[in-house]
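To start, the structure under review is shown below, and the notes come after it.
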Amino acid sequence: MQRESYDAIVIGAGHNGMALATYLGRSGWRVLVLERRLEEGGGLSTEQYTRPGFLHNLHSNYHTFVGLCPVYDDLELVGGDGVSYIHPPVQMGSIFEDGSCLIIHADQKKTHASMSRFSKKDADTWLRLYKEVKGFQDLMIRTLMYAPPIEVNDITRALSTWKVEEKTEFFRARLRSMCINDFLNQHFENERVKTMLAFHAAVCGYYTDVVGLAVSFPFMLGKIDNWRIALGGSHRLAHALWRQMRRAGVTLLPASEAEAIIMDQGRAAGV
């Protein structure tokens, strides 16, 4: 490859890399994306792994931020020539040793009924928490996850400015000094209900015994009924990202591994 100059070089054509490159390309930057594999997508991998004609998602199975993550709307990834999603009526469940099960449905009235078999009190608490989270979910998720990182003290000030504690039952500044297990023990009584909700935390990548994670845990519960499956496989999302990236004028080089990052006075200057 001949020596060329770009405003930005993105290493890796996973979903995050392609989304970033598309935003930069739409902003007028000259962008190069390097991908060591022959195919873009990273964890958005769908292969005929067992038998011809049978597609399997080998890593990314469910997409829980559809409708919440601004990238989907900003980059027009859903509908049109983008990806189509299925929203299963049964979202997830836990089966226990005695054969009983607790099911999370897309319809939270059904979730309430399932949870009530273990604890009517917990089911009522769950429904209040779920409805409360939905009222603040968009504001908080965009602030915590889709804006430049802020200090913990800034989060506390934001909660105060928005008067969240005055308007809600579950959101308190003290959550920043609590772990998820503390939160569950404080608000729920049945061990199987707590196990189901802790399982959801684990699936979302949360450790339940790490102090501080309770502050954002309620918002993860707010998307517990938003597990969606890409029709035709998760790699369809990679295709949608690739199309928008190319439309933004981004250059993608597959089978091109970045062996080293060239540094100049402490700044990345090339590869």
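Chain identifiers are assigned as A, B, and so on, following the order in which chains appear in the structure tokens; residues are numbered from 1 within each chain, and ligands are numbered from 1 in order of appearance.
For stretch 16-82 of chain A, a DSSP pass over the backbone yields strand (DSSP E or B) at Val31, Leu32, Val33, Leu34, Gly41, Thr46, Glu47, His56, Asn57, His63 and Val78 of chain A.
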List the spatial neighbours of A:Pro70 as a list in words - criterion: any atom at most 12 Å away, only C-alpha atoms, same-chain residues fewer than 6 positions off excluded.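 Returned residues: Ala19, Tyr23, Glu76, Leu77, Val78, Asp138, Leu139, Ile141, Arg142, Thr143, Met145, Tyr146 and Ala147 of chain A.
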Selection file, C-alpha atoms, as a CSV table (one decimal), in the first residue's frame:
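out.csv, written as the output of this step:
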```
chain,number,residue,atom,x,y,z
A,19,ALA,CA,-19.9,3.4,13.9
A,23,TYR,CA,-19.7,9.6,12.3
A,76,GLU,CA,-30.3,4.7,10.0
A,77,LEU,CA,-29.4,1.1,10.8
A,78,VAL,CA,-32.9,-0.3,11.2
A,138,ASP,CA,-33.6,7.7,27.9
A,139,LEU,CA,-32.1,10.7,29.8
A,141,ILE,CA,-28.6,6.2,29.5
A,142,ARG,CA,-27.7,8.9,27.0
A,143,THR,CA,-26.0,10.8,29.9
A,145,MET,CA,-23.3,6.0,28.1
A,146,TYR,CA,-23.4,8.2,25.1
A,147,ALA,CA,-21.8,11.4,26.3
```
From the options A:Thr251, A:Asn16, A:Asn181, A:Ser256, which residue's atoms come nearest to A:Glu4, counting only C-alpha atoms?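 Result for the nearest residue to A:Glu4: A:Thr251.
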All residues 9 Å or closer to A:Met92, only C-alpha atoms, same chain fewer than 5 positions away omitted, as a PyMOL selection string: chain A and resi 102-105+200+224-225+227
Write to file, as a PDB file, in the first residue's frame, the residues of the selection just made, with N, CA and C atoms.
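For reference, again_37.pdb as written:
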```
ATOM      1  N   LEU A 102     -38.896 -18.821  36.422  1.00  0.00           N
ATOM      2  CA  LEU A 102     -39.283 -17.417  36.449  1.00  0.00           C
ATOM      3  C   LEU A 102     -38.999 -16.857  35.064  1.00  0.00           C
ATOM      4  N   ILE A 103     -40.027 -16.339  34.420  1.00  0.00           N
ATOM      5  CA  ILE A 103     -39.923 -15.905  33.030  1.00  0.00           C
ATOM      6  C   ILE A 103     -40.067 -14.390  32.929  1.00  0.00           C
ATOM      7  N   ILE A 104     -39.172 -13.786  32.177  1.00  0.00           N
ATOM      8  CA  ILE A 104     -39.274 -12.370  31.827  1.00  0.00           C
ATOM      9  C   ILE A 104     -39.899 -12.281  30.440  1.00  0.00           C
ATOM     10  N   HIS A 105     -41.036 -11.617  30.355  1.00  0.00           N
ATOM     11  CA  HIS A 105     -41.775 -11.467  29.100  1.00  0.00           C
ATOM     12  C   HIS A 105     -41.585 -10.056  28.536  1.00  0.00           C
ATOM     13  N   HIS A 200     -29.386 -11.254  35.092  1.00  0.00           N
ATOM     14  CA  HIS A 200     -29.461 -10.225  34.052  1.00  0.00           C
ATOM     15  C   HIS A 200     -28.272  -9.274  34.161  1.00  0.00           C
ATOM     16  N   ILE A 224     -34.565  -4.949  30.327  1.00  0.00           N
ATOM     17  CA  ILE A 224     -34.621  -6.398  30.504  1.00  0.00           C
ATOM     18  C   ILE A 224     -35.618  -7.039  29.543  1.00  0.00           C
ATOM     19  N   ASP A 225     -36.540  -6.232  29.009  1.00  0.00           N
ATOM     20  CA  ASP A 225     -37.533  -6.746  28.062  1.00  0.00           C
ATOM     21  C   ASP A 225     -37.244  -6.280  26.637  1.00  0.00           C
ATOM     22  N   TRP A 227     -34.628  -7.511  24.596  1.00  0.00           N
ATOM     23  CA  TRP A 227     -33.714  -8.425  23.907  1.00  0.00           C
ATOM     24  C   TRP A 227     -34.262  -8.690  22.503  1.00  0.00           C
TER      25      TRP A 227
END
```
Please list as a list in words every residue within 10 Å of A:Asp209, counting only C-alpha atoms and excluding residues in the same chain fewer than 4 positions away.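 My list of contacting residues is Met178, Cys179, Ile180, Asn181, Asp182, Leu213 and Ala214 of chain A.
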Pick out the closest residue to A:Val10 from this set: A:Pro52, A:Ile261, A:Cys204, A:Phe219. Count only C-alpha atoms. A:Ile261
Do a neighbour search on A:Pro218 at 12 Å with only C-alpha atoms, toss out local chain neighbours closer than 2 positions, and write the hits as a short mmCIF file (atom, residue, chain, number, x, y, z; two decimals) with N, CA and C atoms, in the first residue's frame.
```
data_model
loop_
_atom_site.label_atom_id
_atom_site.label_comp_id
_atom_site.auth_asym_id
_atom_site.auth_seq_id
_atom_site.Cartn_x
_atom_site.Cartn_y
_atom_site.Cartn_z
N TRP A 126 -41.07 -4.96 41.63
CA TRP A 126 -40.50 -5.00 40.28
C TRP A 126 -41.26 -4.07 39.33
N ARG A 128 -43.13 -1.47 39.98
CA ARG A 128 -42.88 -0.06 40.30
C ARG A 128 -41.51 0.37 39.81
N LEU A 129 -40.51 -0.47 40.04
CA LEU A 129 -39.15 -0.16 39.60
C LEU A 129 -39.09 -0.04 38.08
N TYR A 130 -39.70 -0.98 37.39
CA TYR A 130 -39.68 -0.99 35.93
C TYR A 130 -40.31 0.29 35.37
N LYS A 131 -41.47 0.66 35.89
CA LYS A 131 -42.16 1.85 35.39
C LYS A 131 -41.36 3.11 35.71
N GLU A 132 -40.74 3.13 36.89
CA GLU A 132 -39.94 4.29 37.27
C GLU A 132 -38.72 4.45 36.37
N VAL A 133 -38.06 3.35 36.09
CA VAL A 133 -36.88 3.38 35.22
C VAL A 133 -37.24 3.90 33.84
N LYS A 134 -38.36 3.44 33.31
CA LYS A 134 -38.76 3.85 31.96
C LYS A 134 -38.92 5.36 31.87
N GLY A 135 -39.32 6.00 32.98
CA GLY A 135 -39.52 7.44 32.95
C GLY A 135 -38.24 8.23 32.84
N PHE A 136 -37.10 7.64 33.27
CA PHE A 136 -35.82 8.35 33.25
C PHE A 136 -34.80 7.67 32.35
N GLN A 137 -35.17 6.56 31.76
CA GLN A 137 -34.19 5.73 31.07
C GLN A 137 -33.47 6.45 29.95
N MET A 140 -31.02 9.17 31.31
CA MET A 140 -29.88 8.66 32.06
C MET A 140 -28.94 7.84 31.19
N ILE A 141 -29.49 7.00 30.33
CA ILE A 141 -28.63 6.16 29.49
C ILE A 141 -27.81 7.03 28.53
N THR A 168 -38.62 9.97 42.59
CA THR A 168 -38.55 8.52 42.44
C THR A 168 -38.42 7.82 43.79
N GLU A 169 -38.66 6.53 43.76
CA GLU A 169 -38.55 5.68 44.94
C GLU A 169 -37.18 5.00 45.02
N PHE A 170 -36.59 4.68 43.87
CA PHE A 170 -35.43 3.80 43.85
C PHE A 170 -34.10 4.50 43.59
N PHE A 171 -34.11 5.69 42.99
CA PHE A 171 -32.86 6.35 42.61
C PHE A 171 -32.38 7.27 43.72
N ARG A 172 -31.24 6.93 44.29
CA ARG A 172 -30.67 7.70 45.38
C ARG A 172 -29.17 7.87 45.14
N LEU A 175 -26.56 5.13 45.92
CA LEU A 175 -26.34 3.95 45.07
C LEU A 175 -24.89 3.86 44.61
N CYS A 179 -23.17 -2.00 46.00
CA CYS A 179 -23.04 -2.97 44.92
C CYS A 179 -24.44 -3.45 44.54
N ILE A 180 -24.54 -4.18 43.46
CA ILE A 180 -25.83 -4.65 42.97
C ILE A 180 -26.49 -5.59 43.98
N PHE A 183 -28.32 -3.58 46.48
CA PHE A 183 -29.57 -3.05 45.92
C PHE A 183 -30.66 -4.12 45.93
N LEU A 184 -30.31 -5.32 45.47
CA LEU A 184 -31.29 -6.41 45.42
C LEU A 184 -31.75 -6.80 46.81
N HIS A 187 -34.27 -4.20 48.26
CA HIS A 187 -35.60 -4.02 47.67
C HIS A 187 -36.37 -5.31 47.43
N LEU A 197 -32.65 -11.49 38.65
CA LEU A 197 -32.21 -10.13 38.35
C LEU A 197 -30.69 -10.01 38.37
N ALA A 198 -30.04 -10.76 39.26
CA ALA A 198 -28.57 -10.78 39.29
C ALA A 198 -28.02 -11.43 38.02
N HIS A 200 -29.39 -11.25 35.09
CA HIS A 200 -29.46 -10.23 34.05
C HIS A 200 -28.27 -9.27 34.16
N ALA A 201 -27.90 -8.93 35.39
CA ALA A 201 -26.73 -8.06 35.58
C ALA A 201 -25.48 -8.71 35.02
N CYS A 204 -25.28 -8.60 31.31
CA CYS A 204 -24.95 -7.25 30.85
C CYS A 204 -23.50 -6.88 31.15
N TYR A 206 -22.00 -6.99 34.29
CA TYR A 206 -21.84 -6.38 35.61
C TYR A 206 -21.43 -7.43 36.65
N LEU A 213 -21.50 -0.07 41.22
CA LEU A 213 -22.26 -0.46 40.02
C LEU A 213 -23.77 -0.37 40.22
N ALA A 214 -24.21 -0.25 41.47
CA ALA A 214 -25.65 -0.14 41.71
C ALA A 214 -26.23 1.14 41.13
N VAL A 215 -25.38 2.15 40.89
CA VAL A 215 -25.89 3.44 40.43
C VAL A 215 -26.50 3.34 39.04
N SER A 216 -26.00 2.45 38.19
CA SER A 216 -26.55 2.32 36.84
C SER A 216 -27.34 1.03 36.64
N MET A 220 -30.17 -0.82 33.59
CA MET A 220 -30.02 -2.09 32.89
C MET A 220 -31.29 -2.93 33.04
N LEU A 221 -31.93 -2.82 34.20
CA LEU A 221 -33.20 -3.53 34.38
C LEU A 221 -34.28 -2.97 33.47
N GLY A 222 -34.16 -1.69 33.14
CA GLY A 222 -35.16 -1.08 32.27
C GLY A 222 -35.16 -1.63 30.86
N LYS A 223 -34.08 -2.30 30.46
CA LYS A 223 -34.04 -2.90 29.13
C LYS A 223 -34.10 -4.42 29.20
N ILE A 224 -34.57 -4.95 30.33
CA ILE A 224 -34.62 -6.40 30.50
C ILE A 224 -35.62 -7.04 29.54
#
```
Report as a list in words: the residues of stretch 17-91 of chain A with a DSSP assignment of helix (DSSP H, G or I), based on the backbone of this structure.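 Helix (DSSP H, G or I) assignments inside stretch 17-91 of chain A correspond to Gly17, Met18, Ala19, Leu20, Ala21, Thr22, Tyr23, Leu24, Gly25, Arg26, Pro70, Val71, Tyr72, Asp73 and Asp74 of chain A.
Atom to atom, atom CA of A:Glu40 and atom CA of A:His15 stand 8.4 Å apart.
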Selection: 7 Å around A:Ile11, only C-alpha atoms, excl. self and same-chain fewer than 6 positions, as an MDAnalysis selection string: chainID A and resid 33:35 258
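Closest to A:Phe54 among A:Gln265, A:Gly233, A:Arg3, A:Pro254 is A:Gly233, based on only C-alpha atoms.
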